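Peer 1: Here's a structure for you.
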Amino acid sequence: MAAKKLILYLIKPSQYDDDGYVVRHWRGVLPSNTLACLAALTEELIRQKRLGDSWDIRLRLYDETVDRVPVSRICRSGRWNHSMSIICLVGVQTNQFPRAADLARTFRRAGLTVMIGGFHVSGYLALMPEIPPDMQQLLDAGVTLVKGEVEETWGELLSDAVNGRLKPLYDFLQNKPNLYDKPIPVVRKKYLRKFVASNFGTLDCGRGCPFECTFCTVTNVQGRKMRFRSAERIAEAIRHNYQTHGITFYFFTDDNFARNKNWEAIFDALVRLREEEQIPVTFMMQVDVLSWKIKNFISKAHRAGCINVFIGMESVDPDNLAAAGKKQNHVQEYSQLIEAYRNSDISTHVGYIIGFPHDTVDSVRRDVAHLMGDVRPDHASFFMLTPLPGSLDHLMTARRGEWMHPDFNLFDSHHEVTSHAHLKGGAWRETYIEAWRTFYSFENMKEILRRGTRTNYWSNFLRFLWYKNSVMTEGRHPMMCGFFRLKGRKNRRPGYPILSRWAYYTSRAKEIRAHLAGMFRILIEMEELWLQTRHPSEAEQRVVEELAKICAAYGRLSVADLQSAFKRTKDYFPVLDVPSKLQLFWVKWGPLLVPNKVYTRADLAQFWSGVKQRWVERSWLRIPVHRVPLNLLRDFQLSLLFFLHLARAK
Ligand code: B12
Ligand code: SF4
């Protein structure tokens, strides 16, 4: 008898934006580790024929943040003969739960088998005594909810599903899987192409955290006892991913890599990959503020390829830290911590929460200034304190009967979902946005790039670009954002109207225009930042010297003199790739066009704003028309060089 087809859809749902449209981007930033984990478990199950010979399993992955999920086609697949469809809504966090619930209901109406798992279900049900009405409605509609991790139970669940024995609720919270020999998350090339850099991968080397921060859900779901994967298996996967997909950069998603008991073996394995096999892998990891004190941790991390750490700093106010149960954070040691990583050429990124009990508008301003001026991390991500289901904060807020926003879609640390004693009437959100603006101001970014090294210049620069674009142009948290927002006219939250084509496309056109204008402004600012901070190469320094000579003698030089200067500098470009050729072009003809060194485009900016002002005032005759083509050319040359450098940046 021919095997029946089982189509297993793993869908990572997105979130609705404030207008009710599903958030999707043309390109994402980080592929989902949960999708990769569950794909690996499924591939192993297929290899081991855990469901027997009667099922031919086909796996389909969708990440709604970058994919349009073909909902109608999936619904129709349930009607195909000799096949069964199972829908798994995976890695569902609290802010994605409303979207996941809407998708689940649609699929159930089409008669499909649907399961939901992830941190919302696991966290909520870990601490709250009763099943809440929204989850009960899903259970009543025949959706299965799964609480906990499934490395040891994935086969059992799918077997129950294909045999029609699926229970409404599975609780695996107490059996935390031993990860040591479990399949390593797998990546697919097709999926990676949907991200800005297709050489980025995600991987969890371990789970759990020994600390007890009250705003965090990790320990209540994944426990305080650390579990970890085998170093050899991790190295094997990294080698495989490099050879088959060209992945050279990882985000190790462990909440606290420094407490992964296997950190040293993992680092050693990475060092071997880098130094013996010449696999140029680099990574970023998340650590706690005490990590710098672990013997050899930072030096080995550096040798293993770590270029960036995310540190749970959360606040520079000791009273706030005490209120958050963050006993391990000692404010007086913060700058030593940052220095320790900086000395090993690892750039630092701190998580900073706004909305702790002792925060006021003024104290946050002071604290952010202290963070920038004294602690001096290379990056900061700000979050609004949110009582996430699964955290002690959520449990206590509920027990005290305090107000929490009823819409979980807003529980993304970028919206105000509880009341704050000192930050009222929109002040909380304004202070939060102000913190982003202040930290990513031109002057602070310039300061950071100047004190950084040549090695991490471009990674820092690109992160600035990403963060500024997310917060200022897209209006979203960078960790929930991608590049260039896409929307589907009909892909809207139930209860919101579906606009007519005309109304929809005219409003989209306005949005896109505003968006492009915002991006343009940021790019101009970043171009200036690049000009003021870039590290000139040896070749360029030589070119500048020649230029200086030319400028000094300008007017007395013949074209032949310029050409001989060009020849002298040419030797300093060992590889004549496109950007260098352009630079050579600039060296050859630039001095004729612009007889001064360009380290800023301030004069250009001033020129264009003058032109704009005269245009607006209709004083057209006062526009220096003869200088327009020259300045256009200069701007064009500069932008071209900037983009070429950006494109080559790693
Ligand atoms: C890495 C990470 C990120 C990365 C994402 C990287 C990526 N693309 O993979 C970044 C930095 C982008 C990020 C952003 C955010 N994150 Co985050 N993140 C994490 C972290 C540290 C690891 C995630 C992970 O890979 N876990 C390992 C996977 C395998 O675990 P899992 O998803 O739970 O899946 C297992 C089970 O749940 C189960 N399962 C999952 N789905 C399903 C489905 C079915 C059907 C079944 C049967 C089982 C099942 O099986 C899996 C294997 O056992 C977690 C904490 C943690 N330890 O998980 C926080 C965490 C998930 N993040 C959290 C939050 C709040 C956010 C942000 C809102 C913060 C912000 N403002 O930026 C955004 C939201 C982004 C978004 N739109 O998804 C919270 C969520 C809490 C909650 N109640 O929702 C967590 C738990 C951290 C915390 N402090 O509490 N995050
Ligand atoms: S916030 Fe960080 S340190 Fe605190 S419990 Fe969560 S993962 Fe651990």
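Labels used: A, B, ... for chains in the order of the structure tokens, numbers from 1 for residues in each chain, and numbers from 1 for ligands as shown.
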Would you tabulate, counting only C-alpha atoms, all residues of region 461-562 of chain A that have an atom at most 12 Å from an atom of region 348-360 of chain A, showing the closest pair of atoms and their distance in Å to one decimal, sorted by chain then ascending number, as JSON lines?

Peer 2:
```
{"residue": "A:Arg463", "atom": "CA", "partner": "A:His349", "partner_atom": "CA", "distance": 10.2}
{"residue": "A:Phe464", "atom": "CA", "partner": "A:His349", "partner_atom": "CA", "distance": 11.4}
{"residue": "A:Met479", "atom": "CA", "partner": "A:Gly351", "partner_atom": "CA", "distance": 11.3}
```

Peer 1: Would you output that residue set with N, CA, C and O atoms, as a JSON list (two decimals), in the first residue's frame?

Peer 2:
```json
[["chain", "number", "residue", "atom", "x", "y", "z"],
["A", 463, "ARG", "N", 25.18, 47.96, 12.62],
["A", 463, "ARG", "CA", 24.17, 47.85, 13.68],
["A", 463, "ARG", "C", 23.52, 49.22, 13.94],
["A", 463, "ARG", "O", 22.32, 49.32, 14.14],
["A", 464, "PHE", "N", 24.33, 50.27, 13.89],
["A", 464, "PHE", "CA", 23.75, 51.62, 14.06],
["A", 464, "PHE", "C", 22.70, 51.87, 12.98],
["A", 464, "PHE", "O", 21.62, 52.38, 13.24],
["A", 479, "MET", "N", 14.73, 44.60, 17.47],
["A", 479, "MET", "CA", 14.74, 43.14, 17.58],
["A", 479, "MET", "C", 13.48, 42.51, 16.99],
["A", 479, "MET", "O", 13.31, 41.30, 16.99]]
```

Peer 1: For Asp635 (chain A), list every protein, DNA or RNA residue within 12 Å, evaluated using only C-alpha atoms, and leave out those in the same chain fewer than 2 positions away; present the list as number ranges by chain.

Peer 2: A: 524, 527-528, 594, 598, 600-605, 607-608, 628-633, 637-642

Peer 1: For those residues, write N, CA and C atoms to a file as a JSON list (two decimals), in the first residue's frame.

Peer 2:
```json
[["chain", "number", "residue", "atom", "x", "y", "z"],
["A", 524, "ILE", "N", 21.97, 59.70, 4.69],
["A", 524, "ILE", "CA", 22.81, 60.90, 4.58],
["A", 524, "ILE", "C", 23.57, 61.11, 5.90],
["A", 527, "GLU", "N", 26.27, 58.56, 6.12],
["A", 527, "GLU", "CA", 27.37, 58.85, 5.20],
["A", 527, "GLU", "C", 28.34, 59.85, 5.85],
["A", 528, "GLU", "N", 27.74, 60.85, 6.49],
["A", 528, "GLU", "CA", 28.56, 61.85, 7.18],
["A", 528, "GLU", "C", 29.33, 61.20, 8.34],
["A", 594, "VAL", "N", 37.40, 69.03, -7.33],
["A", 594, "VAL", "CA", 37.24, 69.56, -5.98],
["A", 594, "VAL", "C", 38.63, 69.70, -5.35],
["A", 598, "VAL", "N", 38.00, 65.61, 1.20],
["A", 598, "VAL", "CA", 36.62, 65.51, 1.67],
["A", 598, "VAL", "C", 36.58, 64.61, 2.90],
["A", 600, "THR", "N", 34.08, 65.47, 5.23],
["A", 600, "THR", "CA", 32.74, 65.79, 5.68],
["A", 600, "THR", "C", 31.94, 66.23, 4.46],
["A", 601, "ARG", "N", 30.64, 66.05, 4.55],
["A", 601, "ARG", "CA", 29.84, 66.60, 3.47],
["A", 601, "ARG", "C", 29.07, 67.82, 3.97],
["A", 602, "ALA", "N", 29.60, 68.42, 5.06],
["A", 602, "ALA", "CA", 28.90, 69.56, 5.65],
["A", 602, "ALA", "C", 28.72, 70.69, 4.64],
["A", 603, "ASP", "N", 29.78, 70.94, 3.82],
["A", 603, "ASP", "CA", 29.67, 72.03, 2.86],
["A", 603, "ASP", "C", 28.60, 71.70, 1.81],
["A", 604, "LEU", "N", 28.52, 70.40, 1.46],
["A", 604, "LEU", "CA", 27.49, 70.00, 0.49],
["A", 604, "LEU", "C", 26.11, 70.19, 1.09],
["A", 605, "ALA", "N", 25.98, 69.74, 2.37],
["A", 605, "ALA", "CA", 24.67, 69.85, 3.04],
["A", 605, "ALA", "C", 24.24, 71.31, 3.09],
["A", 607, "PHE", "N", 25.21, 73.71, 1.08],
["A", 607, "PHE", "CA", 24.90, 74.17, -0.27],
["A", 607, "PHE", "C", 23.46, 73.78, -0.65],
["A", 608, "TRP", "N", 23.11, 72.49, -0.41],
["A", 608, "TRP", "CA", 21.78, 72.02, -0.82],
["A", 608, "TRP", "C", 20.68, 72.68, 0.00],
["A", 628, "VAL", "N", 25.69, 73.81, -9.21],
["A", 628, "VAL", "CA", 24.83, 72.63, -9.00],
["A", 628, "VAL", "C", 25.42, 71.35, -9.61],
["A", 629, "PRO", "N", 25.84, 71.37, -10.91],
["A", 629, "PRO", "CA", 26.35, 70.11, -11.48],
["A", 629, "PRO", "C", 27.58, 69.59, -10.74],
["A", 630, "LEU", "N", 28.47, 70.50, -10.36],
["A", 630, "LEU", "CA", 29.69, 70.08, -9.68],
["A", 630, "LEU", "C", 29.36, 69.41, -8.34],
["A", 631, "ASN", "N", 28.47, 70.05, -7.59],
["A", 631, "ASN", "CA", 28.11, 69.48, -6.29],
["A", 631, "ASN", "C", 27.31, 68.21, -6.43],
["A", 632, "LEU", "N", 26.51, 68.14, -7.49],
["A", 632, "LEU", "CA", 25.79, 66.89, -7.74],
["A", 632, "LEU", "C", 26.79, 65.77, -7.98],
["A", 633, "LEU", "N", 27.81, 66.09, -8.75],
["A", 633, "LEU", "CA", 28.82, 65.09, -9.06],
["A", 633, "LEU", "C", 29.56, 64.66, -7.80],
["A", 637, "GLN", "N", 29.55, 60.95, -6.27],
["A", 637, "GLN", "CA", 30.80, 60.21, -6.05],
["A", 637, "GLN", "C", 30.87, 59.70, -4.61],
["A", 638, "LEU", "N", 30.56, 60.61, -3.68],
["A", 638, "LEU", "CA", 30.62, 60.24, -2.26],
["A", 638, "LEU", "C", 29.65, 59.12, -1.95],
["A", 639, "SER", "N", 28.42, 59.25, -2.45],
["A", 639, "SER", "CA", 27.39, 58.24, -2.14],
["A", 639, "SER", "C", 27.81, 56.90, -2.72],
["A", 640, "LEU", "N", 28.37, 56.96, -3.92],
["A", 640, "LEU", "CA", 28.78, 55.71, -4.56],
["A", 640, "LEU", "C", 29.84, 55.01, -3.71],
["A", 641, "LEU", "N", 30.82, 55.79, -3.27],
["A", 641, "LEU", "CA", 31.88, 55.20, -2.45],
["A", 641, "LEU", "C", 31.31, 54.66, -1.15],
["A", 642, "PHE", "N", 30.39, 55.41, -0.56],
["A", 642, "PHE", "CA", 29.80, 54.99, 0.70],
["A", 642, "PHE", "C", 29.06, 53.66, 0.51]]
```

Peer 1: Mind pulling up the distance from CA of Val186 (chain A) to CA of Thr244 (chain A)?

Peer 2: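 These atoms are spaced 11.7 Å apart.
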
Peer 1: Which chains and residue numbers are within 6 Å of ligand 2, counting only C-alpha atoms and all ligand atoms, if I want them as number ranges by chain?

Peer 2: A: 209, 211-213, 216, 218-219, 255-256, 288, 312

Peer 1: Env of region 170-174 of chain A: 10 Å cut, atoms = only C-alpha atoms, seq-sep filter 6 positions within chain, self excluded. Answer as JSON, numbers by chain.

Peer 2: {"A": [117, 122, 123, 125, 126, 144, 145, 146, 147, 148, 149, 150, 152, 153, 157, 220, 221, 222, 223]}

Peer 1: Keeping only C-alpha atoms, write the selected residues to a file as a PDB file, in the first residue's frame.

Peer 2:
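Written output follows (result.pdb):
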```
ATOM      1  CA  GLY A 117       3.701  25.843  21.427  1.00  0.00           C
ATOM      2  CA  SER A 122       4.546  27.538  28.410  1.00  0.00           C
ATOM      3  CA  GLY A 123       5.138  30.675  30.474  1.00  0.00           C
ATOM      4  CA  LEU A 125       0.564  28.083  32.211  1.00  0.00           C
ATOM      5  CA  ALA A 126       3.761  27.633  34.239  1.00  0.00           C
ATOM      6  CA  THR A 144      -3.886  21.485  20.995  1.00  0.00           C
ATOM      7  CA  LEU A 145      -1.685  23.529  23.323  1.00  0.00           C
ATOM      8  CA  VAL A 146       1.798  22.307  24.182  1.00  0.00           C
ATOM      9  CA  LYS A 147       3.602  23.490  27.277  1.00  0.00           C
ATOM     10  CA  GLY A 148       7.369  22.989  27.528  1.00  0.00           C
ATOM     11  CA  GLU A 149      10.183  21.723  25.343  1.00  0.00           C
ATOM     12  CA  VAL A 150       9.693  18.781  23.004  1.00  0.00           C
ATOM     13  CA  GLU A 152      12.174  14.091  23.761  1.00  0.00           C
ATOM     14  CA  THR A 153       8.479  14.058  22.882  1.00  0.00           C
ATOM     15  CA  LEU A 157       3.128  14.183  19.641  1.00  0.00           C
ATOM     16  CA  ASN A 220      10.149  29.447  34.966  1.00  0.00           C
ATOM     17  CA  VAL A 221      10.047  27.714  31.582  1.00  0.00           C
ATOM     18  CA  GLN A 222      13.506  26.356  30.893  1.00  0.00           C
ATOM     19  CA  GLY A 223      14.632  26.089  34.492  1.00  0.00           C
TER      20      GLY A 223
END
```

Peer 1: From the list A:Val187, A:Leu179, A:Ala2, A:Leu51, which residue is nearest Phe228 (chain A) when using only C-alpha atoms?

Peer 2: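 Ranked by minimum distance to Phe228 (chain A), first place goes to A:Leu179.
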
Peer 1: Could you jot down the atom 4 (C, counted along the ligand's line) of ligand 1 to CA of Arg24 (chain A) separation for me, Å, one decimal place?

Peer 2: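 That distance, rounded to one decimal, is 16.1 Å.
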
Peer 1: Counting only C-alpha atoms and all ligand atoms, which of A:Trp530, A:Phe408, A:Phe249, A:Phe297 gets nearest to ligand 1?

Peer 2: A:Phe408

Peer 1: Using Å and a single decimal, report how far CA of Ser14 (chain A) sits from CA of Lys490 (chain A).

Peer 2: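 Those two atoms sit 15.3 Å apart.
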
Peer 1: Run DSSP on the backbone and grab whatever in region 269-357 of chain A lands in strand (DSSP E or B); send it over as a list in words.

Peer 2: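 For region 269-357 of chain A, the strand (DSSP E or B) set is Thr282, Phe283, Met284, Met285, Gln286, Val287, Cys306, Ile307, Asn308, Val309, Phe310, Ile311, Gly312, Met313, Glu314, Ser347, Thr348, His349, Val350, Gly351, Tyr352, Ile353 and Ile354 of chain A.
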
Peer 1: Taking the DSSP secondary structure from the backbone, can you list the residues of region 141-288 of chain A that are alpha helix (DSSP H), as a PyMOL selection string?

Peer 2: chain A and resi 154-162+189-192+218-222+231-245+263-275

Peer 1: Any chance you could export the current selection's N, CA and C atoms as a tab-separated table (two decimals), in the first residue's frame?

Peer 2:
```tsv
chain	number	residue	atom	x	y	z
A	154	TRP	N	8.68	14.93	20.62
A	154	TRP	CA	8.17	15.37	19.31
A	154	TRP	C	7.55	14.17	18.56
A	155	GLY	N	8.23	13.03	18.61
A	155	GLY	CA	7.74	11.83	17.92
A	155	GLY	C	6.39	11.40	18.49
A	156	GLU	N	6.30	11.43	19.82
A	156	GLU	CA	5.06	11.02	20.50
A	156	GLU	C	3.89	11.93	20.08
A	157	LEU	N	4.17	13.22	20.02
A	157	LEU	CA	3.13	14.18	19.64
A	157	LEU	C	2.64	13.94	18.21
A	158	LEU	N	3.59	13.77	17.28
A	158	LEU	CA	3.19	13.59	15.89
A	158	LEU	C	2.48	12.25	15.71
A	159	SER	N	2.92	11.27	16.45
A	159	SER	CA	2.27	9.96	16.36
A	159	SER	C	0.82	10.08	16.87
A	160	ASP	N	0.63	10.79	17.98
A	160	ASP	CA	-0.74	11.02	18.47
A	160	ASP	C	-1.56	11.75	17.42
A	161	ALA	N	-0.91	12.73	16.75
A	161	ALA	CA	-1.65	13.54	15.77
A	161	ALA	C	-2.10	12.67	14.58
A	162	VAL	N	-1.19	11.86	14.04
A	162	VAL	CA	-1.59	11.09	12.85
A	162	VAL	C	-2.57	9.97	13.21
A	189	LYS	N	18.92	26.84	3.05
A	189	LYS	CA	19.43	27.94	2.23
A	189	LYS	C	18.29	28.85	1.74
A	190	LYS	N	17.18	28.21	1.34
A	190	LYS	CA	16.06	28.98	0.79
A	190	LYS	C	15.54	29.99	1.83
A	191	TYR	N	15.50	29.53	3.08
A	191	TYR	CA	15.02	30.39	4.16
A	191	TYR	C	16.03	31.51	4.43
A	192	LEU	N	17.31	31.15	4.43
A	192	LEU	CA	18.34	32.16	4.74
A	192	LEU	C	18.34	33.30	3.73
A	218	VAL	N	12.50	33.09	31.56
A	218	VAL	CA	13.34	31.95	31.18
A	218	VAL	C	13.39	30.86	32.25
A	219	THR	N	13.65	31.27	33.50
A	219	THR	CA	13.84	30.23	34.52
A	219	THR	C	12.55	29.47	34.82
A	220	ASN	N	11.42	30.15	34.68
A	220	ASN	CA	10.15	29.45	34.97
A	220	ASN	C	9.75	28.49	33.85
A	221	VAL	N	10.37	28.62	32.69
A	221	VAL	CA	10.05	27.71	31.58
A	221	VAL	C	11.18	26.73	31.34
A	222	GLN	N	12.39	27.26	31.23
A	222	GLN	CA	13.51	26.36	30.89
A	222	GLN	C	14.34	25.96	32.12
A	231	ALA	N	29.78	19.72	22.44
A	231	ALA	CA	30.65	20.65	21.68
A	231	ALA	C	30.97	20.07	20.31
A	232	GLU	N	31.18	18.75	20.25
A	232	GLU	CA	31.55	18.12	18.97
A	232	GLU	C	30.41	18.25	17.97
A	233	ARG	N	29.19	18.03	18.47
A	233	ARG	CA	28.04	18.14	17.55
A	233	ARG	C	27.87	19.57	17.04
A	234	ILE	N	28.11	20.52	17.93
A	234	ILE	CA	27.99	21.93	17.53
A	234	ILE	C	29.02	22.22	16.44
A	235	ALA	N	30.27	21.78	16.69
A	235	ALA	CA	31.34	22.05	15.72
A	235	ALA	C	31.03	21.38	14.39
A	236	GLU	N	30.52	20.16	14.47
A	236	GLU	CA	30.18	19.43	13.24
A	236	GLU	C	29.12	20.20	12.42
A	237	ALA	N	28.11	20.71	13.14
A	237	ALA	CA	27.05	21.45	12.45
A	237	ALA	C	27.59	22.75	11.84
A	238	ILE	N	28.47	23.40	12.58
A	238	ILE	CA	29.02	24.67	12.07
A	238	ILE	C	29.87	24.41	10.83
A	239	ARG	N	30.64	23.32	10.88
A	239	ARG	CA	31.46	22.96	9.71
A	239	ARG	C	30.55	22.67	8.51
A	240	HIS	N	29.51	21.89	8.77
A	240	HIS	CA	28.58	21.52	7.70
A	240	HIS	C	27.89	22.77	7.11
A	241	ASN	N	27.43	23.64	8.00
A	241	ASN	CA	26.73	24.85	7.54
A	241	ASN	C	27.66	25.77	6.74
A	242	TYR	N	28.93	25.76	7.13
A	242	TYR	CA	29.90	26.59	6.40
A	242	TYR	C	30.12	26.01	5.00
A	243	GLN	N	30.31	24.68	4.98
A	243	GLN	CA	30.63	24.06	3.68
A	243	GLN	C	29.43	24.04	2.73
A	244	THR	N	28.23	23.87	3.28
A	244	THR	CA	27.09	23.77	2.36
A	244	THR	C	26.32	25.08	2.17
A	245	HIS	N	26.29	25.92	3.20
A	245	HIS	CA	25.50	27.16	3.07
A	245	HIS	C	26.32	28.44	3.19
A	263	TRP	N	30.86	25.72	28.24
A	263	TRP	CA	31.36	26.83	27.41
A	263	TRP	C	32.78	26.62	26.92
A	264	GLU	N	33.62	26.04	27.81
A	264	GLU	CA	35.03	25.95	27.44
A	264	GLU	C	35.23	24.94	26.30
A	265	ALA	N	34.54	23.81	26.41
A	265	ALA	CA	34.66	22.79	25.35
A	265	ALA	C	34.13	23.35	24.03
A	266	ILE	N	33.05	24.13	24.11
A	266	ILE	CA	32.47	24.69	22.88
A	266	ILE	C	33.46	25.70	22.27
A	267	PHE	N	34.02	26.57	23.12
A	267	PHE	CA	35.00	27.54	22.61
A	267	PHE	C	36.21	26.81	22.00
A	268	ASP	N	36.69	25.76	22.71
A	268	ASP	CA	37.85	25.03	22.18
A	268	ASP	C	37.55	24.45	20.81
A	269	ALA	N	36.33	23.91	20.67
A	269	ALA	CA	35.96	23.32	19.37
A	269	ALA	C	35.94	24.39	18.29
A	270	LEU	N	35.47	25.58	18.65
A	270	LEU	CA	35.43	26.67	17.67
A	270	LEU	C	36.84	27.15	17.33
A	271	VAL	N	37.69	27.18	18.34
A	271	VAL	CA	39.08	27.59	18.10
A	271	VAL	C	39.71	26.62	17.09
A	272	ARG	N	39.44	25.33	17.28
A	272	ARG	CA	40.01	24.33	16.34
A	272	ARG	C	39.49	24.58	14.93
A	273	LEU	N	38.18	24.87	14.83
A	273	LEU	CA	37.61	25.12	13.50
A	273	LEU	C	38.31	26.30	12.84
A	274	ARG	N	38.53	27.35	13.64
A	274	ARG	CA	39.11	28.57	13.08
A	274	ARG	C	40.59	28.42	12.78
A	275	GLU	N	41.31	27.82	13.74
A	275	GLU	CA	42.77	27.83	13.60
A	275	GLU	C	43.32	26.63	12.84
```

Peer 1: Please determine, counting only C-alpha atoms, which residue among A:Cys88, A:Phe483, A:Ile131, A:Val361 has the shortest atom-to-atom distance to Thr65 (chain A).

Peer 2: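 Smallest distance to Thr65 (chain A) is found for A:Phe483.
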
Peer 1: With distances taken over only C-alpha atoms and all ligand atoms, which residue among A:Ala398, A:Ala322, A:Leu388, A:Leu371 lies nearest ligand 1?

Peer 2: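 Closest to ligand 1 of all the choices is A:Leu388.
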
Peer 1: Would you please work out which residue, of A:Gly495, A:Gly208, A:Pro377, A:Gly426, is nearest to Asn460 (chain A) when using only C-alpha atoms?

Peer 2: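 That would be A:Pro377, the residue with the smallest distance to Asn460 (chain A).
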